[in-house]
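**Q** As input, take run-v2.txt (compact mmCIF, N, CA, C and O atoms):
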# COMPACT_ATOMS: atom_id res chain seq x y z
N MET I 1206 55.92 46.48 15.53
CA MET I 1206 54.49 46.63 15.48
C MET I 1206 54.02 46.92 14.06
O MET I 1206 52.95 46.47 13.67
N SER I 1207 54.80 47.67 13.32
CA SER I 1207 54.41 47.97 11.95
C SER I 1207 54.44 46.71 11.09
O SER I 1207 53.68 46.58 10.14
N ASN I 1208 55.35 45.76 11.44
CA ASN I 1208 55.38 44.49 10.71
C ASN I 1208 54.09 43.70 10.94
O ASN I 1208 53.58 43.07 10.02
N THR I 1209 53.57 43.76 12.14
CA THR I 1209 52.33 43.07 12.46
C THR I 1209 51.17 43.69 11.68
O THR I 1209 50.33 42.98 11.12
N ILE I 1210 51.12 44.98 11.62
CA ILE I 1210 50.05 45.68 10.88
C ILE I 1210 50.16 45.38 9.39
O ILE I 1210 49.14 45.13 8.72
N GLU I 1211 51.37 45.38 8.88
CA GLU I 1211 51.57 45.06 7.46
C GLU I 1211 51.14 43.62 7.18
O GLU I 1211 50.50 43.34 6.16
N ALA I 1212 51.44 42.71 8.07
CA ALA I 1212 51.05 41.31 7.92
C ALA I 1212 49.53 41.18 7.94
O ALA I 1212 48.94 40.43 7.16
N ILE I 1213 48.88 41.95 8.82
CA ILE I 1213 47.41 41.92 8.90
C ILE I 1213 46.81 42.47 7.60
O ILE I 1213 45.86 41.89 7.06
N HIS I 1214 47.36 43.57 7.10
CA HIS I 1214 46.86 44.16 5.85
C HIS I 1214 47.08 43.19 4.67
O HIS I 1214 46.20 43.04 3.81
N LEU I 1215 48.23 42.55 4.67
CA LEU I 1215 48.52 41.57 3.62
C LEU I 1215 47.54 40.40 3.70
O LEU I 1215 47.01 39.95 2.68
N LEU I 1216 47.27 39.95 4.90
CA LEU I 1216 46.32 38.86 5.11
C LEU I 1216 44.91 39.29 4.69
O LEU I 1216 44.19 38.53 4.04
N GLU I 1217 44.53 40.51 5.03
CA GLU I 1217 43.22 41.04 4.61
C GLU I 1217 43.10 41.09 3.10
O GLU I 1217 42.08 40.71 2.52
N ASN I 1218 44.15 41.56 2.44
CA ASN I 1218 44.14 41.65 0.98
C ASN I 1218 44.01 40.26 0.35
O ASN I 1218 43.25 40.06 -0.60
N LYS I 1219 44.75 39.31 0.89
CA LYS I 1219 44.68 37.94 0.36
C LYS I 1219 43.30 37.34 0.59
O LYS I 1219 42.75 36.66 -0.27
N LEU I 1220 42.73 37.62 1.76
CA LEU I 1220 41.39 37.11 2.07
C LEU I 1220 40.35 37.73 1.14
O LEU I 1220 39.46 37.03 0.64
N LYS I 1221 40.45 39.04 0.90
CA LYS I 1221 39.54 39.70 -0.04
C LYS I 1221 39.68 39.10 -1.44
O LYS I 1221 38.69 38.89 -2.14
N ASN I 1222 40.92 38.84 -1.82
CA ASN I 1222 41.18 38.21 -3.12
C ASN I 1222 40.53 36.83 -3.21
O ASN I 1222 39.90 36.49 -4.21
N LEU I 1223 40.70 36.04 -2.16
CA LEU I 1223 40.11 34.70 -2.13
C LEU I 1223 38.59 34.75 -2.19
O LEU I 1223 37.95 33.98 -2.91
N ILE I 1224 38.00 35.67 -1.45
CA ILE I 1224 36.54 35.82 -1.46
C ILE I 1224 36.06 36.25 -2.83
O ILE I 1224 35.06 35.73 -3.35
N SER I 1225 36.78 37.17 -3.43
CA SER I 1225 36.44 37.63 -4.78
C SER I 1225 36.52 36.48 -5.78
O SER I 1225 35.61 36.30 -6.61
N ASN I 1226 37.59 35.70 -5.72
CA ASN I 1226 37.74 34.54 -6.60
C ASN I 1226 36.63 33.52 -6.36
O ASN I 1226 36.09 32.93 -7.30
N TYR I 1227 36.28 33.30 -5.10
CA TYR I 1227 35.23 32.36 -4.75
C TYR I 1227 33.89 32.79 -5.36
O TYR I 1227 33.18 31.97 -5.96
N GLU I 1228 33.56 34.06 -5.21
CA GLU I 1228 32.30 34.57 -5.77
C GLU I 1228 32.28 34.44 -7.29
O GLU I 1228 31.27 34.05 -7.88
N PHE I 1229 33.40 34.76 -7.92
CA PHE I 1229 33.48 34.65 -9.37
C PHE I 1229 33.29 33.20 -9.81
O PHE I 1229 32.52 32.90 -10.72
N LEU I 1230 33.98 32.27 -9.15
CA LEU I 1230 33.88 30.86 -9.51
C LEU I 1230 32.49 30.30 -9.22
O LEU I 1230 31.98 29.45 -9.95
N LYS I 1231 31.87 30.80 -8.17
CA LYS I 1231 30.51 30.37 -7.83
C LYS I 1231 29.53 30.78 -8.95
O LYS I 1231 28.71 29.98 -9.39
N LYS I 1232 29.64 32.02 -9.41
CA LYS I 1232 28.78 32.50 -10.51
C LYS I 1232 29.07 31.73 -11.79
O LYS I 1232 28.15 31.35 -12.53
N GLU I 1233 30.33 31.51 -12.06
CA GLU I 1233 30.70 30.77 -13.26
C GLU I 1233 30.17 29.34 -13.21
O GLU I 1233 29.67 28.81 -14.21
N ASN I 1234 30.21 28.72 -12.05
CA ASN I 1234 29.69 27.37 -11.88
C ASN I 1234 28.18 27.34 -12.14
O ASN I 1234 27.67 26.42 -12.78
N GLU I 1235 27.46 28.34 -11.64
CA GLU I 1235 26.01 28.42 -11.87
C GLU I 1235 25.72 28.54 -13.37
O GLU I 1235 24.81 27.87 -13.88
N ILE I 1236 26.48 29.37 -14.06
CA ILE I 1236 26.29 29.53 -15.50
C ILE I 1236 26.57 28.22 -16.22
O ILE I 1236 25.81 27.80 -17.10
N LEU I 1237 27.63 27.54 -15.83
CA LEU I 1237 27.97 26.26 -16.47
C LEU I 1237 26.91 25.20 -16.19
O LEU I 1237 26.58 24.41 -17.08
N LEU I 1238 26.35 25.20 -15.00
CA LEU I 1238 25.28 24.25 -14.69
C LEU I 1238 24.04 24.53 -15.54
O LEU I 1238 23.38 23.60 -16.02
N GLN I 1239 23.72 25.81 -15.72
CA GLN I 1239 22.59 26.17 -16.56
C GLN I 1239 22.84 25.73 -18.00
O GLN I 1239 21.94 25.19 -18.66
N ASN I 1240 24.05 25.95 -18.49
CA ASN I 1240 24.39 25.54 -19.85
C ASN I 1240 24.32 24.02 -20.00
O ASN I 1240 23.85 23.51 -21.02
N THR I 1241 24.78 23.31 -18.98
CA THR I 1241 24.73 21.85 -19.02
C THR I 1241 23.29 21.37 -19.10
O THR I 1241 22.96 20.49 -19.90
N THR I 1242 22.43 21.95 -18.30
CA THR I 1242 21.02 21.57 -18.31
C THR I 1242 20.41 21.86 -19.68
O THR I 1242 19.68 21.02 -20.24
N LYS I 1243 20.72 23.01 -20.22
CA LYS I 1243 20.20 23.39 -21.54
C LYS I 1243 20.69 22.42 -22.61
O LYS I 1243 19.92 21.96 -23.46
N LEU I 1244 21.96 22.08 -22.56
CA LEU I 1244 22.53 21.17 -23.55
C LEU I 1244 21.97 19.75 -23.40
O LEU I 1244 21.74 19.07 -24.41
N GLN I 1245 21.71 19.33 -22.18
CA GLN I 1245 21.11 18.01 -21.98
C GLN I 1245 19.70 17.98 -22.56
O GLN I 1245 19.30 16.99 -23.18
N TYR I 1246 18.95 19.06 -22.39
CA TYR I 1246 17.61 19.15 -22.95
C TYR I 1246 17.67 19.12 -24.48
O TYR I 1246 16.90 18.41 -25.12
N GLN I 1247 18.60 19.86 -25.05
CA GLN I 1247 18.75 19.87 -26.51
C GLN I 1247 19.15 18.49 -27.02
O GLN I 1247 18.66 18.03 -28.05
N LEU I 1248 20.03 17.81 -26.30
CA LEU I 1248 20.45 16.47 -26.69
C LEU I 1248 19.26 15.51 -26.67
O LEU I 1248 19.08 14.71 -27.59
N GLN I 1249 18.44 15.63 -25.65
CA GLN I 1249 17.26 14.78 -25.55
C GLN I 1249 16.31 15.04 -26.72
O GLN I 1249 15.78 14.10 -27.31
N GLU I 1250 16.13 16.30 -27.08
CA GLU I 1250 15.28 16.64 -28.22
C GLU I 1250 15.85 16.05 -29.51
O GLU I 1250 15.12 15.50 -30.33
N LYS I 1251 17.15 16.16 -29.69
CA LYS I 1251 17.80 15.64 -30.89
C LYS I 1251 17.69 14.12 -30.95
O LYS I 1251 17.49 13.55 -32.02
N GLU I 1252 17.82 13.45 -29.80
CA GLU I 1252 17.69 12.00 -29.77
C GLU I 1252 16.27 11.57 -30.14
O GLU I 1252 16.08 10.59 -30.87
N GLN I 1253 15.27 12.33 -29.66
CA GLN I 1253 13.89 12.02 -30.02
C GLN I 1253 13.67 12.23 -31.51
O GLN I 1253 13.02 11.41 -32.17
N LEU I 1254 14.20 13.32 -32.04
CA LEU I 1254 14.06 13.60 -33.46
C LEU I 1254 14.74 12.52 -34.28
O LEU I 1254 14.20 12.05 -35.29
N PHE I 1255 15.92 12.09 -33.83
CA PHE I 1255 16.65 11.03 -34.52
C PHE I 1255 15.84 9.74 -34.53
O PHE I 1255 15.75 9.05 -35.55
N ALA I 1256 15.23 9.39 -33.38
CA ALA I 1256 14.44 8.17 -33.29
C ALA I 1256 13.24 8.24 -34.24
O ALA I 1256 12.92 7.26 -34.92
N GLU I 1257 12.60 9.41 -34.31
CA GLU I 1257 11.47 9.58 -35.22
C GLU I 1257 11.92 9.44 -36.67
O GLU I 1257 11.25 8.78 -37.48
N GLN I 1258 13.04 10.06 -37.01
CA GLN I 1258 13.54 9.99 -38.37
C GLN I 1258 13.94 8.56 -38.74
O GLN I 1258 13.72 8.11 -39.85
N LYS I 1259 14.52 7.86 -37.77
CA LYS I 1259 14.91 6.46 -38.02
C LYS I 1259 13.68 5.61 -38.27
O LYS I 1259 13.67 4.77 -39.17
N LYS I 1260 12.63 5.85 -37.49
CA LYS I 1260 11.39 5.11 -37.67
C LYS I 1260 10.80 5.38 -39.06
O LYS I 1260 10.38 4.47 -39.76
N LYS I 1261 10.82 6.66 -39.46
CA LYS I 1261 10.32 7.01 -40.80
C LYS I 1261 11.16 6.35 -41.88
O LYS I 1261 10.64 5.86 -42.89
N TYR I 1262 12.47 6.35 -41.67
CA TYR I 1262 13.37 5.73 -42.64
C TYR I 1262 13.09 4.24 -42.76
O TYR I 1262 13.04 3.69 -43.87
N ASP I 1263 12.91 3.58 -41.61
CA ASP I 1263 12.62 2.14 -41.64
C ASP I 1263 11.31 1.86 -42.35
O ASP I 1263 11.20 0.91 -43.13
N LEU I 1264 10.30 2.69 -42.10
CA LEU I 1264 9.02 2.52 -42.78
C LEU I 1264 9.16 2.74 -44.29
O LEU I 1264 8.58 2.00 -45.09
N LEU I 1265 9.95 3.71 -44.66
CA LEU I 1265 10.19 3.96 -46.08
C LEU I 1265 10.91 2.79 -46.72
O LEU I 1265 10.59 2.38 -47.84
N LYS I 1266 11.87 2.24 -45.99
CA LYS I 1266 12.61 1.09 -46.49
C LYS I 1266 11.66 -0.09 -46.70
O LYS I 1266 11.72 -0.78 -47.73
N ILE I 1267 10.77 -0.31 -45.73
CA ILE I 1267 9.79 -1.39 -45.86
C ILE I 1267 8.89 -1.14 -47.06
O ILE I 1267 8.63 -2.05 -47.85
N ALA I 1268 8.44 0.09 -47.20
CA ALA I 1268 7.55 0.41 -48.32
C ALA I 1268 8.26 0.19 -49.65
O ALA I 1268 7.65 -0.32 -50.60
N LYS I 1269 9.52 0.53 -49.72
CA LYS I 1269 10.26 0.34 -50.98
C LYS I 1269 10.46 -1.14 -51.28
O LYS I 1269 10.40 -1.55 -52.43
N THR I 1270 10.72 -1.95 -50.23
CA THR I 1270 10.91 -3.38 -50.50
C THR I 1270 9.59 -4.05 -50.84
O THR I 1270 9.54 -4.96 -51.67
N ILE I 1271 8.49 -3.58 -50.24
CA ILE I 1271 7.17 -4.14 -50.55
C ILE I 1271 6.74 -3.73 -51.95
O ILE I 1271 6.00 -4.46 -52.62
N ASP I 1272 7.22 -2.60 -52.40
CA ASP I 1272 6.89 -2.10 -53.74
C ASP I 1272 7.19 -3.17 -54.79
O ASP I 1272 6.40 -3.41 -55.69
N GLY I 1273 8.33 -3.83 -54.66
CA GLY I 1273 8.65 -4.98 -55.49
C GLY I 1273 9.09 -4.67 -56.90
O GLY I 1273 9.32 -5.57 -57.69
N ARG I 1274 9.24 -3.44 -57.27
CA ARG I 1274 9.64 -3.11 -58.64
C ARG I 1274 11.14 -3.23 -58.86
O ARG I 1274 11.59 -3.31 -59.98
N GLY I 1275 11.87 -3.29 -57.81
CA GLY I 1275 13.33 -3.33 -57.95
C GLY I 1275 13.85 -4.74 -58.05
O GLY I 1275 13.12 -5.70 -58.29
N GLU I 1276 15.12 -4.87 -57.86
CA GLU I 1276 15.78 -6.16 -57.93
C GLU I 1276 15.68 -6.93 -56.62
O GLU I 1276 16.15 -8.05 -56.52
N ASN I 1277 15.06 -6.36 -55.63
CA ASN I 1277 15.01 -6.96 -54.30
C ASN I 1277 13.74 -7.78 -54.09
O ASN I 1277 13.10 -7.70 -53.05
N THR I 1278 13.36 -8.59 -55.03
CA THR I 1278 12.13 -9.38 -54.88
C THR I 1278 12.28 -10.39 -53.75
O THR I 1278 11.31 -10.66 -53.04
N LYS I 1279 13.47 -10.93 -53.57
CA LYS I 1279 13.69 -11.87 -52.48
C LYS I 1279 13.51 -11.15 -51.14
O LYS I 1279 12.84 -11.67 -50.24
N ASP I 1280 14.10 -9.95 -51.01
CA ASP I 1280 13.93 -9.16 -49.78
C ASP I 1280 12.46 -8.82 -49.56
O ASP I 1280 11.97 -8.84 -48.43
N THR I 1281 11.77 -8.52 -50.63
CA THR I 1281 10.35 -8.18 -50.54
C THR I 1281 9.56 -9.36 -50.00
O THR I 1281 8.74 -9.21 -49.09
N LYS I 1282 9.81 -10.54 -50.53
CA LYS I 1282 9.10 -11.73 -50.06
C LYS I 1282 9.41 -12.01 -48.60
O LYS I 1282 8.51 -12.35 -47.82
N LEU I 1283 10.66 -11.87 -48.21
CA LEU I 1283 11.04 -12.09 -46.81
C LEU I 1283 10.35 -11.08 -45.89
O LEU I 1283 9.86 -11.44 -44.81
N LYS I 1284 10.30 -9.85 -46.31
CA LYS I 1284 9.67 -8.80 -45.51
C LYS I 1284 8.17 -9.07 -45.39
O LYS I 1284 7.60 -8.94 -44.30
N ILE I 1285 7.53 -9.47 -46.47
CA ILE I 1285 6.10 -9.78 -46.43
C ILE I 1285 5.85 -10.96 -45.49
O ILE I 1285 4.92 -10.94 -44.68
N ASN I 1286 6.68 -12.00 -45.59
CA ASN I 1286 6.53 -13.14 -44.69
C ASN I 1286 6.69 -12.74 -43.23
O ASN I 1286 5.95 -13.21 -42.35
N THR I 1287 7.64 -11.87 -42.95
CA THR I 1287 7.85 -11.38 -41.58
C THR I 1287 6.62 -10.62 -41.10
O THR I 1287 6.16 -10.82 -39.97
N LEU I 1288 6.10 -9.76 -41.96
CA LEU I 1288 4.91 -8.99 -41.59
C LEU I 1288 3.71 -9.91 -41.35
O LEU I 1288 2.93 -9.71 -40.40
N ILE I 1289 3.55 -10.93 -42.18
CA ILE I 1289 2.45 -11.88 -42.01
C ILE I 1289 2.58 -12.61 -40.67
O ILE I 1289 1.60 -12.79 -39.96
N ARG I 1290 3.81 -13.03 -40.33
CA ARG I 1290 4.02 -13.70 -39.05
C ARG I 1290 3.67 -12.79 -37.87
O ARG I 1290 3.05 -13.22 -36.90
N GLU I 1291 4.05 -11.53 -37.98
CA GLU I 1291 3.72 -10.57 -36.92
C GLU I 1291 2.22 -10.39 -36.81
O GLU I 1291 1.67 -10.33 -35.70
N ILE I 1292 1.53 -10.31 -37.94
CA ILE I 1292 0.08 -10.17 -37.93
C ILE I 1292 -0.57 -11.41 -37.32
O ILE I 1292 -1.51 -11.31 -36.53
N ASP I 1293 -0.06 -12.57 -37.68
CA ASP I 1293 -0.58 -13.82 -37.12
C ASP I 1293 -0.42 -13.85 -35.59
O ASP I 1293 -1.33 -14.27 -34.87
N LYS I 1294 0.73 -13.39 -35.11
CA LYS I 1294 0.96 -13.34 -33.67
C LYS I 1294 -0.05 -12.41 -33.00
O LYS I 1294 -0.59 -12.72 -31.94
N CYS I 1295 -0.31 -11.28 -33.62
CA CYS I 1295 -1.28 -10.33 -33.06
C CYS I 1295 -2.68 -10.95 -33.03
O CYS I 1295 -3.41 -10.79 -32.05
N ILE I 1296 -3.05 -11.65 -34.09
CA ILE I 1296 -4.36 -12.28 -34.15
C ILE I 1296 -4.49 -13.34 -33.06
O ILE I 1296 -5.51 -13.43 -32.38
N ILE I 1297 -3.44 -14.13 -32.87
CA ILE I 1297 -3.45 -15.16 -31.83
C ILE I 1297 -3.62 -14.51 -30.45
O ILE I 1297 -4.40 -14.99 -29.62
N GLN I 1298 -2.90 -13.41 -30.21
CA GLN I 1298 -3.02 -12.73 -28.92
C GLN I 1298 -4.41 -12.15 -28.72
O GLN I 1298 -4.94 -12.15 -27.62
N LEU I 1299 -5.04 -11.68 -29.80
CA LEU I 1299 -6.38 -11.14 -29.69
C LEU I 1299 -7.40 -12.24 -29.41
O LEU I 1299 -8.42 -12.01 -28.74
N ASN I 1300 -7.18 -13.43 -29.92
CA ASN I 1300 -8.10 -14.54 -29.74
C ASN I 1300 -8.00 -15.18 -28.37
O ASN I 1300 -8.89 -15.92 -27.97
N GLU I 1301 -6.92 -14.93 -27.66
CA GLU I 1301 -6.73 -15.55 -26.33
C GLU I 1301 -7.62 -14.95 -25.29
O GLU I 1301 -8.09 -13.96 -25.19
Starting from the file, lay out its structure as structure tokens.

**A**
Amino acid sequence: MSNTIEAIHLLENKLKNLISNYEFLKKENEILLQNTTKLQYQLQEKEQLFAEQKKKYDLLKIAKTIDGRGENTKDTKLKINTLIREIDKCIIQLNE
């Protein structure tokens, strides 16, 4: 009979241990999910900032090529022609 009681106590201890581990892992999972959400939000902000900076960089690049003072006169002419074609397309769409 004492073996049965010892087995029950051992089982109770193991069950308490499992419940304790479960609660700990549950809390840890919640914390990790919160961190994941926070990191996803930060990543989205960084991607938006990167897109804005890239757009500014592209505009600066266009402005420098249009400037025409450098050795890139051919690039400048090509860029101007591209811009004129885009403007022409916009005008055509407005006239329709």

**Q** Between I:Glu1252, I:Leu1220, I:Thr1281, I:His1214, which one has atoms that come closest to Lys1266 (chain I), using only C-alpha atoms?

**A** I:Thr1281

**Q** For a test of reading the model, state the distance in Å between CA of Leu1230 (chain I) and CA of Gln1249 (chain I), rounded to one decimal.

**A**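 Atom-to-atom, CA of Leu1230 (chain I) and CA of Gln1249 (chain I) are spaced 28.1 Å apart.
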
**Q** By how many Å are CA of Leu1254 (chain I) and CA of Leu1288 (chain I) apart?

**A**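 The value is 25.7 Å.
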
**Q** Using only C-alpha atoms, find the one residue out of I:Ala1268, I:Ile1224, I:Leu1299, I:Ile1213 that sits nearest to Ile1285 (chain I).

**A**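 Checking each of I:Ala1268, I:Ile1224, I:Leu1299, I:Ile1213 against Ile1285 (chain I), counting only C-alpha atoms, the winner is I:Ala1268.
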
**Q** Using the partial input, fill out region 1236-1247 of chain I with all heavy atoms; write the result as a compact mmCIF listing (two decimals), in the frame of the given file.

**A**
# COMPACT_ATOMS: atom_id res chain seq x y z
N ILE I 1236 26.48 29.37 -14.06
CA ILE I 1236 26.29 29.53 -15.50
C ILE I 1236 26.57 28.22 -16.22
O ILE I 1236 25.81 27.80 -17.10
CB ILE I 1236 27.21 30.66 -16.03
CG1 ILE I 1236 26.74 32.02 -15.51
CG2 ILE I 1236 27.24 30.66 -17.56
CD1 ILE I 1236 27.71 33.15 -15.76
N LEU I 1237 27.63 27.54 -15.83
CA LEU I 1237 27.97 26.26 -16.47
C LEU I 1237 26.91 25.20 -16.19
O LEU I 1237 26.58 24.41 -17.08
CB LEU I 1237 29.34 25.79 -15.99
CG LEU I 1237 30.53 26.62 -16.48
CD1 LEU I 1237 31.82 26.14 -15.81
CD2 LEU I 1237 30.66 26.55 -17.98
N LEU I 1238 26.35 25.20 -15.00
CA LEU I 1238 25.28 24.25 -14.69
C LEU I 1238 24.04 24.53 -15.54
O LEU I 1238 23.38 23.60 -16.02
CB LEU I 1238 24.93 24.30 -13.20
CG LEU I 1238 25.94 23.66 -12.26
CD1 LEU I 1238 25.57 23.93 -10.80
CD2 LEU I 1238 26.03 22.17 -12.51
N GLN I 1239 23.72 25.81 -15.72
CA GLN I 1239 22.59 26.17 -16.56
C GLN I 1239 22.84 25.73 -18.00
O GLN I 1239 21.94 25.19 -18.66
CB GLN I 1239 22.33 27.67 -16.51
CG GLN I 1239 21.77 28.16 -15.19
CD GLN I 1239 21.69 29.66 -15.11
OE1 GLN I 1239 22.18 30.38 -15.99
NE2 GLN I 1239 21.08 30.17 -14.05
N ASN I 1240 24.05 25.95 -18.49
CA ASN I 1240 24.39 25.54 -19.85
C ASN I 1240 24.32 24.02 -20.00
O ASN I 1240 23.85 23.51 -21.02
CB ASN I 1240 25.78 26.04 -20.24
CG ASN I 1240 25.81 27.53 -20.50
OD1 ASN I 1240 24.78 28.15 -20.68
ND2 ASN I 1240 27.00 28.10 -20.48
N THR I 1241 24.78 23.31 -18.98
CA THR I 1241 24.73 21.85 -19.02
C THR I 1241 23.29 21.37 -19.10
O THR I 1241 22.96 20.49 -19.90
CB THR I 1241 25.42 21.26 -17.77
OG1 THR I 1241 26.77 21.71 -17.75
CG2 THR I 1241 25.39 19.76 -17.79
N THR I 1242 22.43 21.95 -18.30
CA THR I 1242 21.02 21.57 -18.31
C THR I 1242 20.41 21.86 -19.68
O THR I 1242 19.68 21.02 -20.24
CB THR I 1242 20.25 22.34 -17.22
OG1 THR I 1242 20.86 22.10 -15.96
CG2 THR I 1242 18.80 21.92 -17.18
N LYS I 1243 20.72 23.01 -20.22
CA LYS I 1243 20.20 23.39 -21.54
C LYS I 1243 20.69 22.42 -22.61
O LYS I 1243 19.92 21.96 -23.46
CB LYS I 1243 20.64 24.82 -21.86
CG LYS I 1243 20.15 25.34 -23.18
CD LYS I 1243 20.65 26.77 -23.41
CE LYS I 1243 20.30 27.26 -24.79
NZ LYS I 1243 20.85 28.59 -25.06
N LEU I 1244 21.96 22.08 -22.56
CA LEU I 1244 22.53 21.17 -23.55
C LEU I 1244 21.97 19.75 -23.40
O LEU I 1244 21.74 19.07 -24.41
CB LEU I 1244 24.06 21.14 -23.43
CG LEU I 1244 24.76 22.42 -23.91
CD1 LEU I 1244 26.25 22.35 -23.59
CD2 LEU I 1244 24.54 22.65 -25.39
N GLN I 1245 21.71 19.33 -22.18
CA GLN I 1245 21.11 18.01 -21.98
C GLN I 1245 19.70 17.98 -22.56
O GLN I 1245 19.30 16.99 -23.18
CB GLN I 1245 21.06 17.66 -20.49
CG GLN I 1245 22.41 17.28 -19.92
CD GLN I 1245 22.37 17.06 -18.42
OE1 GLN I 1245 21.47 17.53 -17.73
NE2 GLN I 1245 23.36 16.35 -17.90
N TYR I 1246 18.95 19.06 -22.39
CA TYR I 1246 17.61 19.15 -22.95
C TYR I 1246 17.67 19.12 -24.48
O TYR I 1246 16.90 18.41 -25.12
CB TYR I 1246 16.93 20.43 -22.45
CG TYR I 1246 15.56 20.64 -23.01
CD1 TYR I 1246 14.48 19.88 -22.56
CD2 TYR I 1246 15.32 21.59 -24.00
CE1 TYR I 1246 13.22 20.06 -23.08
CE2 TYR I 1246 14.06 21.78 -24.51
CZ TYR I 1246 13.01 21.02 -24.06
OH TYR I 1246 11.75 21.20 -24.58
N GLN I 1247 18.60 19.86 -25.05
CA GLN I 1247 18.75 19.87 -26.51
C GLN I 1247 19.15 18.49 -27.02
O GLN I 1247 18.66 18.03 -28.05
CB GLN I 1247 19.80 20.90 -26.93
CG GLN I 1247 19.35 22.33 -26.79
CD GLN I 1247 20.46 23.32 -27.14
OE1 GLN I 1247 21.62 22.96 -27.29
NE2 GLN I 1247 20.09 24.59 -27.25
